[in-house]
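Enquirer: Let me give you the structure first, and then I'll get to my questions.
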Amino acid sequence: MKKSSKKKSLVIVESPAKVKTLSKILGDNFEIKASYGHIRDLPKKGFGINIKKDFKPKYQLMESRDKVISELRSSLAEVDKVYLATDPDREGEAIAWHLMEGLELAPERVERVTFNEITPQAVLDAFKKTRQISMSLVNAQQARRFLDRIVGYKLSPLLWRKVARGLSAGRVQSVAVRLLVEREKEIGDFKPQEYWKISGDFKIKEDDEKPFEAALYKIDDKQVGSPSDDSTEVFIPNEANARNLVSALEATDFKVANIRERENNQQPPPPFITSTLQQQASTQMGFSTKKTMIVAQQLYEGVDIEGEPVALITYMRTDAVRVSEIAIKECRDFISKKYGKSEVFKTPRHYKSRKGAQDAHEAIRPTYVSQMPSEIKGYLTPEQYKLYNLIWKRFVATQMKPGHWRNKTIEIEAALKKPLPLDVNIISGEAQPTADKMDVNKCVFRVDERRLVSKGFLALYEPEEQLLPEMKGGEKVLLMKLFPAANFTQPSPRYNEASLVKALEKFGIGRPSTYAPIISTIQDRGYVQKAGRQLVATELGILVTEKLIPYFTDILNTKFTSQMEKRLDAIEEERSDWISLLKAFYRLFKRDLEKATLEMASSKGKESATGEKCDKCGKPLVERWGRFGKFLACSGYPECKNIVSLKPKVETQSTGEVCEKCGKPMVIKRSRKGWRFMACSGYPECKTTKSLKKQAEPAVEPEKETIGE
């Protein structure tokens, strides 16, 4: 039998995990290879951009991809058509372009293909609608890459001269660090103010099983709260006044003064976008943004289910809440069959993306809504199951009826037997609280009831009700006990990963693909550390920020960074020229850099004595700054090069893994040279360690958007 003369087509994807999934869909006429991300980039050593010649780059094939490039070139000899199926975003478009250029492919031989989900229908439809590489997308990525390269390679040497060698700065990361530094300063400057709250346990009948709690809500007609509460009219400033009021109330009868009832519908939230998925995964499951994106990538690329690769979610880097009509119909049909027709919302529910969203891809949703998390749990890792369950529920909820609540607000009144002179602080508008004295005649306590009438989409979750005994107006209420409690006003909390992502999105800093790299990079560089779940600016982060901000106010601020993101979007949409953007940025940056080089005070040479002596030569040890913060060094340098590391003053970072030898948690630590590694928390009894994959980029290298590795 004669062999077919028809040649296969070559499909190049970024990740090897996609190869098996796509092979099943496309069949034997396609050979599928992975590029493992970029094969070509700016040089590791040297700037690589000729600013005087319109920012002409010097791209190089990456040595780390030699084997991959060789395999791709061998495959090219056997095929006529090449499909570049890298990720459907700017970075994916740039990777496709670099593949075409680096492999020296003629444009007429190349087809660009993109899909939002790796399902047979989506993939086969995409191969029917191929296109040429979009240079507007490529240029938007190049503009970002060059902006970050300029800042990284021009600003970092300034820090080497003024602070310590090995430090680095990034265009976007430095703004993120600034947010954390300013929050730390705000916390340090904050002066807490004392105030007192009073709550009580009450019953309607003596034989009620348990009391319900109500809180002091009003003194006469003035609302009670904290000094920092905008709606507060008065607050109790000290213990003496709180105790006096408690004594007066204990001698008073209480009754139900007012009952207000209302009903409301709780609507389901929109399906996930990158930022909201990262926030919820952090809040509900303690996932880092980096971990969330790694697990989401696995679900997107495909998981083996009964020996077959199945892609479970759509593309996970998106800022749009839009969902295809086909997916909505499938979801509504599923709800009707699984939960009953009565649980489907009356009309297909659509959500509107926020202003400024790129809206390039659908929201994050399951590719097969009928693939219930509980049915495939055995094929998923614990992390994959948790994240898929989160995404699945959120999407299914969007087409279900709202939850219906019946709410009651009950006011319990105590009329004092005689007026009580009381010192209070009064808040009027934005003015500072003023001390005053009032004669108290009446106090009102408040409690709220929340009763679920119909679950709707809340059937997917575990809604909490707050139920109270039946009461009616004028009914006597029995006071069991009052609880006066001291409180102090609190500063704004430190950022955690979820709240930092929310802030980055709010200020327009970065895009869905950059949130996780930003947060990872600022920690890797030693500018930020984790204390529990909080992100805390380190001494080094504060020092570098305070050095840079006075000279780069125009560039290292949220407004400028947000505007730059919009200009990059304009390049993508062919409304702006990328070289003009780079020229305008560089003029401003060069001016600031020259001024900083001349005027910025150096922190080098300002060594602090420690009182300790070098254990090698006996000379005093002094504090110095290095790439990873402060360290102790011998003052006899360079004759004596002894150094002593200073351990960080924050908790080690949990990994979620356990030691294979003793079962204790594994944590991330740093070596004396600054390398991060995993170690058993049972050290020194257990000395198990595991290496972490090292960053391929040098310390001065800025962030990229999405690298498909």
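Labeling convention for the structure tokens: chains A, B, ... as they appear, residues from 1 per chain, ligands from 1 in order of appearance.
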Which polymer residues have any atom within 9 Å of an atom of Glu612 of chain A, counting only C-alpha atoms, with same-chain residues fewer than 4 positions away left out, as a PyMOL selection string?

Expert: chain A and resi 619-622

Enquirer: Convert the current residue selection to file output with C-alpha atoms, as an mmCIF file, in the first residue's frame.

Expert:
data_model
loop_
_atom_site.group_PDB
_atom_site.id
_atom_site.type_symbol
_atom_site.label_atom_id
_atom_site.label_comp_id
_atom_site.auth_asym_id
_atom_site.auth_seq_id
_atom_site.Cartn_x
_atom_site.Cartn_y
_atom_site.Cartn_z
ATOM 1 C CA LYS A 619 38.675 44.048 64.270
ATOM 2 C CA PRO A 620 35.214 45.632 64.797
ATOM 3 C CA LEU A 621 32.269 44.333 62.773
ATOM 4 C CA VAL A 622 30.182 46.996 61.033
#

Enquirer: Would you mind listing, for every residue of segment 87-107 of chain A within 12 Å of segment 308-331 of chain A, the two atoms forming the shortest contact and the distance between them in Å to one decimal, using only C-alpha atoms, sorted by chain and ascending residue number, as a tab-separated table?

Expert:
residue	atom	partner	partner_atom	distance
A:Asp87	CA	A:Tyr315	CA	8.5
A:Pro88	CA	A:Tyr315	CA	8.2
A:Asp89	CA	A:Arg317	CA	8.3
A:Arg90	CA	A:Arg317	CA	11.0
A:Glu91	CA	A:Arg317	CA	11.2
A:Gly92	CA	A:Arg317	CA	11.4

Enquirer: Need the shell around Phe488 of chain A: protein/DNA/RNA residues with any atom at most 10 Å away, counting only C-alpha atoms. Skip same-chain ones fewer than 5 positions apart. Format as a PyMOL selection string?

Expert: chain A and resi 191-196+226-228

Enquirer: Measure the distance from atom CA of Met666 of chain A to atom CA of Ile519 of chain A in Å and round it to one decimal.

Expert: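 Calculated distance between atom CA of Met666 of chain A and atom CA of Ile519 of chain A is 21.1 Å.
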
Enquirer: Hey, which bits of segment 483-539 of chain A sit within 10 Å of segment 291-299 of chain A, and for each residue what's the closest pair of atoms and how far apart in Å (one decimal), counting only C-alpha atoms, rows by chain and increasing number, as a tab-separated table?

Expert:
residue	atom	partner	partner_atom	distance
A:Ser513	CA	A:Met293	CA	9.1
A:Tyr515	CA	A:Met293	CA	9.9
A:Ala516	CA	A:Met293	CA	7.4
A:Pro517	CA	A:Met293	CA	9.9

Enquirer: Convert the current residue selection to file output with C-alpha atoms, as a compact mmCIF listing (two decimals), in the first residue's frame.

Expert:
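File again.txt, as written:
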# COMPACT_ATOMS: atom_id res chain seq x y z
CA SER A 513 -0.39 38.66 33.28
CA TYR A 515 0.29 40.77 38.93
CA ALA A 516 1.90 37.49 40.02
CA PRO A 517 5.39 38.29 38.59

Enquirer: Please measure the separation of atom CA of Asp423 of chain A and atom CA of Arg446 of chain A, giving the value in Å to one decimal.

Expert: 22.1 Å

Enquirer: Mind giving me the straight-line distance from atom CA of Pro16 of chain A to atom CA of Val79 of chain A in Å, one decimal?

Expert: 19.8 Å

Enquirer: Pick out the residues sitting within 12 Å of Val528 of chain A, and hand them over as a ChimeraX atom specification; count only C-alpha atoms, and ignore anything fewer than 4 positions along from it in its own chain.

Expert: /A:173-174,176-181,184,494-497,518-524,534-545,628-629,648-650

Enquirer: Which polymer residues have any atom within 9 Å of an atom of Ala17 of chain A, counting only C-alpha atoms, with same-chain residues fewer than 5 positions away left out, as a ChimeraX atom specification?

Expert: /A:34,298,301-303

Enquirer: Could you pull the residues within 12 Å of Val246 of chain A, counting only C-alpha atoms, minus those fewer than 2 positions along the same chain, as number ranges by chain?

Expert: A: 196-200, 216, 236, 239-244, 248-252, 414, 416, 420, 422, 443, 479, 481-485

Enquirer: Okay, now the selection with C-alpha atoms, as a CSV table (one decimal), in the first residue's frame?

Expert:
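So the final result, stored in selection_17.csv, reads:
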chain,number,residue,atom,x,y,z
A,196,TRP,CA,-15.1,52.0,74.4
A,197,LYS,CA,-17.8,49.8,73.1
A,198,ILE,CA,-20.7,48.3,75.1
A,199,SER,CA,-22.6,45.1,74.2
A,200,GLY,CA,-24.9,42.9,76.1
A,216,LEU,CA,-25.0,49.9,72.0
A,236,ILE,CA,-17.2,57.0,74.7
A,239,GLU,CA,-13.2,53.4,80.9
A,240,ALA,CA,-14.6,55.5,83.7
A,241,ASN,CA,-17.4,56.8,81.5
A,242,ALA,CA,-18.1,53.3,80.1
A,243,ARG,CA,-18.3,51.9,83.6
A,244,ASN,CA,-20.7,54.7,84.8
A,248,ALA,CA,-26.8,53.0,85.1
A,249,LEU,CA,-28.0,50.5,82.5
A,250,GLU,CA,-27.9,47.6,84.9
A,251,ALA,CA,-30.5,49.3,87.0
A,252,THR,CA,-32.8,49.9,84.0
A,414,ALA,CA,-33.3,51.4,77.9
A,416,LEU,CA,-32.5,55.6,82.4
A,420,LEU,CA,-26.6,60.5,83.7
A,422,LEU,CA,-21.5,61.5,80.7
A,443,CYS,CA,-29.7,54.2,75.3
A,479,LEU,CA,-30.7,41.9,80.3
A,481,LYS,CA,-25.0,40.9,81.3
A,482,LEU,CA,-23.3,43.9,79.8
A,483,PHE,CA,-19.7,43.9,78.4
A,484,PRO,CA,-17.8,47.1,78.2
A,485,ALA,CA,-14.7,46.7,76.1

Enquirer: Restricting the calculation to only C-alpha atoms: of A:Leu390, A:Val123, A:Ile49, A:Met400, which residue gets closest to Thr347 of chain A?

Expert: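 Smallest separation from Thr347 of chain A among the options: A:Met400.
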
Enquirer: So that I can check the surroundings of Ala601 of chain A, please list as a ChimeraX atom specification every protein, DNA and RNA residue that reaches within 12 Å of it, counting only C-alpha atoms and ignoring chain neighbours fewer than 6 positions away.

Expert: /A:158-159,161-163,543-544,546-548,550-551,595

Enquirer: As an MDAnalysis selection string, list the residues of segment 264-403 of chain A assigned to helix (DSSP H, G or I) by DSSP on the backbone atoms of this structure.

Expert: chainID A and resid 274:285 289:301 325:339 341:343 373:379 382:397
